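Student: Have a look at this one.
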Amino acid sequence: MGTARTRRPKDLRAGTFQPAINSFTLHLNAEGKSPKTVRTYAEAAQWFAAEHLRRNTDHTDWDDVTPDDVRAWTVWLLNTYSDSYANNQYRALQQFFKWWSTDEELPNPMAKIRPPAVGEKVVPVFTDEELTKLLKHCEGKTFTQRRDFAILALFKATGLRLSELAGIIYDADDPDRSDLALMRRELLVTGKGNKQRIVRFGHPSARAIDRYIRVRNKHTYASSRHLWLGTNNRPPMTANGIYQMVVRRGEECGVTVHPHKFRHHFSHTWLDKGGAEGDLMELNGWSSPQMLRRYGRSAASTRARRTYDRIMED
């Protein structure tokens, strides 16, 4: 199993392989894939072409690629990166060859190859002390304090993806155009594949968002339909800006945190407290039970440790 290492910049210079990748990109955009998905799939093909095909083979066209090329690439990924990262890259490249073989009516070199296995890892979640410390660090009356507290409280209450939270639309004058229904404590969320769902959040989060909106109304960009605005009257925050804020807040108070850790924590807590698996799939926008099984094992492990303390206590 590979180990996580510092990732060096990818060489994406695909050379003669690039025209097909351009066509693949057009195909993905025509299917309505998200910009992030398009970039992930296209870069996987570019990286494979630049790092392996152009450096290690005499191939000049995708027709030349063999199953052994894919195997060699997978081995290199496993020896250089974590098994989960290698698996993600494999599956992204798989999408390119699935399209290419169908469009060109040629054999798919990945058709009979299995993706690299991913070892089971402990799902990282917060302790109660860490969450308390993180939220307390953001308490205050300033615009930035109220905004950051509201963002962290909503992450904790919903387990939203970073892109979903960053994309929340707010229109105080026209509730029908707003994703946020504060009095009902509900959010209309647009997730992967532009699939929409409604998620609920608790009273503490509603209060935090309300406190933020009251100072937001005085912001230069208060008329913006993006809920989260920048500090010092700057434009709305991007997903990357929210990510950096969350990490920075954690570093300031000594808590290791990134936005996706809230999703881990929400899912783990839901199952640990006996929440229905089907409800969690709906709230998280999961169409596959794969992630549900992962968090189910994490919650079961926590319950087992509590049972141990109760049964084996001297």
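Please note that chains go A, B, ... in the order of the structure tokens, that every chain numbers its residues from 1, and that ligands are numbered from 1 in the order shown.
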DSSP says alpha helix (DSSP H) for which residues of segment 86-299 of chain A? Put them as an MDAnalysis selection string?
Tutor: chainID A and resid 86:104 128:137 143:158 162:166 203:216 239:253 259:272 277:284 290:299
Student: May I have the residues from that selection written out with C-alpha atoms, as a tab-separated table (two decimals), in the first residue's frame?
Tutor:
```tsv
chain	number	residue	atom	x	y	z
A	86	ALA	CA	-4.02	6.19	-6.88
A	87	ASN	CA	-7.54	4.76	-6.94
A	88	ASN	CA	-9.04	8.20	-7.65
A	89	GLN	CA	-6.61	8.80	-10.51
A	90	TYR	CA	-7.30	5.34	-11.94
A	91	ARG	CA	-11.07	5.90	-11.93
A	92	ALA	CA	-10.71	9.34	-13.52
A	93	LEU	CA	-8.53	7.91	-16.32
A	94	GLN	CA	-11.06	5.10	-16.68
A	95	GLN	CA	-13.67	7.67	-17.69
A	96	PHE	CA	-11.45	8.92	-20.49
A	97	PHE	CA	-10.85	5.46	-21.95
A	98	LYS	CA	-14.53	4.55	-21.61
A	99	TRP	CA	-15.39	7.56	-23.77
A	100	TRP	CA	-12.47	7.10	-26.16
A	101	SER	CA	-13.12	3.39	-26.89
A	102	THR	CA	-16.83	4.03	-27.46
A	103	ASP	CA	-16.31	7.08	-29.65
A	104	GLU	CA	-13.53	5.53	-31.72
A	128	ASP	CA	-16.17	17.48	21.46
A	129	GLU	CA	-13.32	19.54	22.88
A	130	GLU	CA	-11.96	20.34	19.42
A	131	LEU	CA	-15.32	21.54	18.11
A	132	THR	CA	-15.90	23.66	21.19
A	133	LYS	CA	-12.45	25.22	20.88
A	134	LEU	CA	-12.89	25.89	17.15
A	135	LEU	CA	-16.27	27.59	17.48
A	136	LYS	CA	-15.31	29.52	20.59
A	137	HIS	CA	-12.30	30.90	18.73
A	143	PHE	CA	-18.35	40.89	10.60
A	144	THR	CA	-15.53	38.36	10.21
A	145	GLN	CA	-16.21	36.68	13.54
A	146	ARG	CA	-19.93	36.30	12.87
A	147	ARG	CA	-19.35	35.09	9.31
A	148	ASP	CA	-16.72	32.52	10.24
A	149	PHE	CA	-18.76	31.27	13.20
A	150	ALA	CA	-21.82	30.84	10.96
A	151	ILE	CA	-19.83	28.96	8.32
A	152	LEU	CA	-18.32	26.57	10.86
A	153	ALA	CA	-21.66	26.08	12.64
A	154	LEU	CA	-23.36	25.24	9.33
A	155	PHE	CA	-20.60	22.82	8.34
A	156	LYS	CA	-21.00	21.09	11.70
A	157	ALA	CA	-24.80	20.93	11.49
A	158	THR	CA	-25.09	19.69	7.90
A	162	LEU	CA	-17.32	22.73	0.43
A	163	SER	CA	-18.69	23.55	-3.04
A	164	GLU	CA	-22.26	23.22	-1.75
A	165	LEU	CA	-21.73	25.61	1.14
A	166	ALA	CA	-19.83	28.09	-1.03
A	203	HIS	CA	-31.54	26.22	15.97
A	204	PRO	CA	-27.94	27.10	16.99
A	205	SER	CA	-26.91	27.25	13.32
A	206	ALA	CA	-30.01	29.29	12.43
A	207	ARG	CA	-29.15	31.79	15.16
A	208	ALA	CA	-25.53	32.00	13.96
A	209	ILE	CA	-26.62	32.64	10.35
A	210	ASP	CA	-29.15	35.25	11.49
A	211	ARG	CA	-26.44	37.10	13.45
A	212	TYR	CA	-24.22	37.05	10.37
A	213	ILE	CA	-26.97	38.30	8.04
A	214	ARG	CA	-27.62	41.29	10.29
A	215	VAL	CA	-24.04	42.52	9.83
A	216	ARG	CA	-24.02	41.36	6.21
A	239	ALA	CA	-14.77	27.91	-2.26
A	240	ASN	CA	-10.98	28.24	-2.01
A	241	GLY	CA	-11.36	31.30	0.21
A	242	ILE	CA	-13.66	29.39	2.56
A	243	TYR	CA	-11.23	26.47	2.62
A	244	GLN	CA	-8.34	28.75	3.57
A	245	MET	CA	-10.42	30.42	6.29
A	246	VAL	CA	-11.36	27.08	7.87
A	247	VAL	CA	-7.76	25.83	7.87
A	248	ARG	CA	-6.49	29.13	9.23
A	249	ARG	CA	-9.02	29.18	12.04
A	250	GLY	CA	-7.97	25.69	13.00
A	251	GLU	CA	-4.29	26.59	13.01
A	252	GLU	CA	-4.99	29.62	15.21
A	253	CYS	CA	-6.57	27.51	17.94
A	259	PRO	CA	-13.93	21.46	5.40
A	260	HIS	CA	-14.41	17.78	4.50
A	261	LYS	CA	-13.65	16.73	8.07
A	262	PHE	CA	-17.02	18.24	9.04
A	263	ARG	CA	-18.68	15.87	6.56
A	264	HIS	CA	-16.88	12.95	8.18
A	265	HIS	CA	-17.96	14.12	11.61
A	266	PHE	CA	-21.59	14.72	10.65
A	267	SER	CA	-21.97	11.30	9.03
A	268	HIS	CA	-20.19	9.51	11.86
A	269	THR	CA	-22.27	11.28	14.52
A	270	TRP	CA	-25.55	10.59	12.71
A	271	LEU	CA	-24.91	6.86	12.54
A	272	ASP	CA	-23.38	6.66	16.01
A	277	GLU	CA	-28.91	5.05	6.93
A	278	GLY	CA	-31.37	5.98	4.18
A	279	ASP	CA	-31.94	9.40	5.74
A	280	LEU	CA	-28.18	10.00	5.87
A	281	MET	CA	-27.84	9.12	2.19
A	282	GLU	CA	-30.55	11.66	1.37
A	283	LEU	CA	-29.09	14.40	3.57
A	284	ASN	CA	-25.58	13.89	2.18
A	290	GLN	CA	-20.14	2.96	-0.67
A	291	MET	CA	-19.58	5.97	1.58
A	292	LEU	CA	-22.36	4.82	3.90
A	293	ARG	CA	-20.51	1.57	4.53
A	294	ARG	CA	-17.33	3.48	5.36
A	295	TYR	CA	-18.98	5.69	7.95
A	296	GLY	CA	-21.02	2.76	9.24
A	297	ARG	CA	-17.79	0.95	10.15
A	298	SER	CA	-16.50	4.08	11.89
A	299	ALA	CA	-19.65	4.45	14.00
```
Student: In Å, rounded to a single decimal, give me how far atom CA of Lys33 of chain A is from atom CA of Val189 of chain A.
Tutor: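 A separation of 16.7 Å between them.
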Student: With only C-alpha atoms as the counted atoms, please give the residues lying no more than 7 Å from Val199 of chain A, apart from itself and same-chain residues fewer than 2 positions off, as a count of residues only.
Tutor: 6
Student: Any idea what's packed within 9 Å of Thr190 of chain A, counting only C-alpha atoms, ignoring anything in its chain fewer than 3 positions away? Could you give it as a list of chain:residue names?
Tutor: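 The residues satisfying every condition are A:Ser163, A:Glu164, A:Gly167, A:Ile168, A:Gly193, A:Asn194, A:Lys195, A:Gln196, A:Arg197, A:Ile198.
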Student: Could you name the residues that touch Ile21 of chain A at 9 Å or less, counting only C-alpha atoms, but leaving out those on the same chain fewer than 3 positions away, as a list in words?
Tutor: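 So, after excluding close chain neighbours, the residues are Ala14, Phe17, Gln18, Phe24, Thr25, Leu26, Ala42, Glu43, Ala45, Gln46 and Phe96 of chain A.
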Student: Would you mind exporting N, CA and C atoms of the selected residues as a compact mmCIF listing (two decimals), in the first residue's frame?
Tutor:
```
# COMPACT_ATOMS: atom_id res chain seq x y z
N ALA A 14 0.56 17.07 -22.60
CA ALA A 14 0.18 15.81 -23.25
C ALA A 14 0.64 15.69 -24.69
N PHE A 17 -1.16 13.76 -27.66
CA PHE A 17 -2.34 13.14 -27.06
C PHE A 17 -3.41 14.17 -26.68
N GLN A 18 -3.06 15.45 -26.75
CA GLN A 18 -3.96 16.51 -26.27
C GLN A 18 -5.24 16.67 -27.10
N PHE A 24 -12.63 15.03 -25.48
CA PHE A 24 -13.20 14.46 -24.26
C PHE A 24 -13.79 15.55 -23.37
N THR A 25 -13.08 16.67 -23.30
CA THR A 25 -13.55 17.80 -22.50
C THR A 25 -14.86 18.35 -23.06
N LEU A 26 -14.95 18.46 -24.38
CA LEU A 26 -16.19 18.90 -25.00
C LEU A 26 -17.32 17.94 -24.69
N ALA A 42 -10.06 15.35 -17.17
CA ALA A 42 -9.14 15.76 -18.24
C ALA A 42 -7.70 15.72 -17.75
N GLU A 43 -7.45 16.20 -16.54
CA GLU A 43 -6.09 16.21 -16.01
C GLU A 43 -5.56 14.80 -15.78
N ALA A 45 -6.10 12.24 -17.68
CA ALA A 45 -5.62 11.79 -18.99
C ALA A 45 -4.34 12.53 -19.40
N GLN A 46 -4.30 13.83 -19.15
CA GLN A 46 -3.10 14.61 -19.46
C GLN A 46 -1.89 14.11 -18.67
N PHE A 96 -11.96 8.51 -19.18
CA PHE A 96 -11.45 8.92 -20.49
C PHE A 96 -11.47 7.74 -21.46
```
Student: Pick from A:His258, A:His52, A:Arg13, A:His59: nearest to Trp76 of chain A, with only C-alpha atoms counted?
Tutor: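 For Trp76 of chain A, the nearest of the candidates is A:His52.
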Student: Can you tell me which residues surround segment 223-233 of chain A at a distance of at most 6 Å, considering only C-alpha atoms, apart from same-chain residues fewer than 5 positions away, and format the answer as a PyMOL selection string?
Tutor: chain A and resi 168-171
Student: Go ahead and write the selection's residues with all heavy atoms as a PDB file, in the first residue's frame.
Tutor:
```pdb
ATOM      1  N   ILE A 168     -24.192  28.647  -1.821  1.00  0.00           N
ATOM      2  CA  ILE A 168     -25.506  29.020  -1.289  1.00  0.00           C
ATOM      3  C   ILE A 168     -25.915  30.406  -1.798  1.00  0.00           C
ATOM      4  O   ILE A 168     -25.163  31.368  -1.700  1.00  0.00           O
ATOM      5  CB  ILE A 168     -25.502  29.017   0.254  1.00  0.00           C
ATOM      6  CG1 ILE A 168     -25.257  27.592   0.782  1.00  0.00           C
ATOM      7  CG2 ILE A 168     -26.825  29.551   0.808  1.00  0.00           C
ATOM      8  CD1 ILE A 168     -25.079  27.521   2.282  1.00  0.00           C
ATOM      9  N   ILE A 169     -27.116  30.469  -2.346  1.00  0.00           N
ATOM     10  CA  ILE A 169     -27.672  31.725  -2.865  1.00  0.00           C
ATOM     11  C   ILE A 169     -28.599  32.336  -1.811  1.00  0.00           C
ATOM     12  O   ILE A 169     -29.424  31.648  -1.214  1.00  0.00           O
ATOM     13  CB  ILE A 169     -28.460  31.484  -4.166  1.00  0.00           C
ATOM     14  CG1 ILE A 169     -27.516  30.948  -5.258  1.00  0.00           C
ATOM     15  CG2 ILE A 169     -29.141  32.759  -4.629  1.00  0.00           C
ATOM     16  CD1 ILE A 169     -26.372  31.861  -5.609  1.00  0.00           C
ATOM     17  N   TYR A 170     -28.455  33.649  -1.606  1.00  0.00           N
ATOM     18  CA  TYR A 170     -29.281  34.341  -0.620  1.00  0.00           C
ATOM     19  C   TYR A 170     -29.896  35.583  -1.252  1.00  0.00           C
ATOM     20  O   TYR A 170     -29.190  36.422  -1.817  1.00  0.00           O
ATOM     21  CB  TYR A 170     -28.437  34.744   0.590  1.00  0.00           C
ATOM     22  CG  TYR A 170     -29.175  35.621   1.584  1.00  0.00           C
ATOM     23  CD1 TYR A 170     -30.215  35.102   2.347  1.00  0.00           C
ATOM     24  CD2 TYR A 170     -28.824  36.954   1.743  1.00  0.00           C
ATOM     25  CE1 TYR A 170     -30.895  35.900   3.250  1.00  0.00           C
ATOM     26  CE2 TYR A 170     -29.503  37.766   2.646  1.00  0.00           C
ATOM     27  CZ  TYR A 170     -30.536  37.227   3.396  1.00  0.00           C
ATOM     28  OH  TYR A 170     -31.218  38.023   4.296  1.00  0.00           O
ATOM     29  N   ASP A 171     -31.213  35.683  -1.165  1.00  0.00           N
ATOM     30  CA  ASP A 171     -31.932  36.855  -1.676  1.00  0.00           C
ATOM     31  C   ASP A 171     -32.975  37.243  -0.647  1.00  0.00           C
ATOM     32  O   ASP A 171     -34.033  36.611  -0.544  1.00  0.00           O
ATOM     33  CB  ASP A 171     -32.589  36.524  -3.025  1.00  0.00           C
ATOM     34  CG  ASP A 171     -33.101  37.775  -3.739  1.00  0.00           C
ATOM     35  OD1 ASP A 171     -33.571  38.705  -3.047  1.00  0.00           O
ATOM     36  OD2 ASP A 171     -33.038  37.823  -4.987  1.00  0.00           O
TER      37      ASP A 171
END
```
Student: With only C-alpha atoms as the atoms that count, which of A:Leu106, A:Leu160, A:Ala300, A:Val75 lies nearest to Lys273 of chain A?
Tutor: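 With only C-alpha atoms as the atom set, the closest residue is A:Ala300.
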Student: Could you give me, as a ChimeraX atom specification, each residue of segment 67-242 of chain A that DSSP assigns to strand (DSSP E) when run on this structure's backbone?
Tutor: /A:180-181,186-190,196-200
Student: Between atom CA of Thr60 of chain A and atom CA of Tyr85 of chain A, what is the distance in Å, rounded to a tenth?
Tutor: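 Taking atom CA of Thr60 of chain A as the start and atom CA of Tyr85 of chain A as the end point, the length is 26.8 Å.
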Student: Please provide the set of residues having any atom within 12 Å of Arg55 of chain A, restricted to only C-alpha atoms, with same-chain residues fewer than 6 positions apart removed, written as a list in words.
Tutor: Asp11, Arg13, Ala14, Gly15, Trp47, Phe48, Ala49, Asp69 and Trp73 of chain A
Student: Keeping N, CA and C atoms for every residue in the selection just given, could you write it to a file as a PDB file, in the first residue's frame?
Tutor:
```
ATOM      1  N   ASP A  11       2.971  17.202 -14.366  1.00  0.00           N
ATOM      2  CA  ASP A  11       3.303  17.549 -15.737  1.00  0.00           C
ATOM      3  C   ASP A  11       2.090  17.199 -16.586  1.00  0.00           C
ATOM      4  N   ARG A  13       1.670  18.253 -19.851  1.00  0.00           N
ATOM      5  CA  ARG A  13       1.963  18.519 -21.264  1.00  0.00           C
ATOM      6  C   ARG A  13       1.765  17.234 -22.071  1.00  0.00           C
ATOM      7  N   ALA A  14       0.560  17.069 -22.603  1.00  0.00           N
ATOM      8  CA  ALA A  14       0.180  15.812 -23.246  1.00  0.00           C
ATOM      9  C   ALA A  14       0.636  15.687 -24.693  1.00  0.00           C
ATOM     10  N   GLY A  15       1.137  16.764 -25.285  1.00  0.00           N
ATOM     11  CA  GLY A  15       1.671  16.680 -26.650  1.00  0.00           C
ATOM     12  C   GLY A  15       0.648  16.206 -27.662  1.00  0.00           C
ATOM     13  N   TRP A  47      -2.084  13.851 -17.408  1.00  0.00           N
ATOM     14  CA  TRP A  47      -0.978  13.410 -16.544  1.00  0.00           C
ATOM     15  C   TRP A  47      -0.449  12.056 -16.997  1.00  0.00           C
ATOM     16  N   PHE A  48      -1.344  11.130 -17.298  1.00  0.00           N
ATOM     17  CA  PHE A  48      -0.950   9.818 -17.789  1.00  0.00           C
ATOM     18  C   PHE A  48      -0.144   9.943 -19.079  1.00  0.00           C
ATOM     19  N   ALA A  49      -0.615  10.810 -19.973  1.00  0.00           N
ATOM     20  CA  ALA A  49       0.075  10.997 -21.247  1.00  0.00           C
ATOM     21  C   ALA A  49       1.452  11.623 -21.055  1.00  0.00           C
ATOM     22  N   ASP A  69       0.533  -0.543 -20.208  1.00  0.00           N
ATOM     23  CA  ASP A  69       0.792   0.872 -19.923  1.00  0.00           C
ATOM     24  C   ASP A  69      -0.008   1.319 -18.708  1.00  0.00           C
ATOM     25  N   TRP A  73       1.459   2.471 -15.036  1.00  0.00           N
ATOM     26  CA  TRP A  73       1.057   3.768 -14.472  1.00  0.00           C
ATOM     27  C   TRP A  73       0.466   3.594 -13.073  1.00  0.00           C
TER      28      TRP A  73
END
```
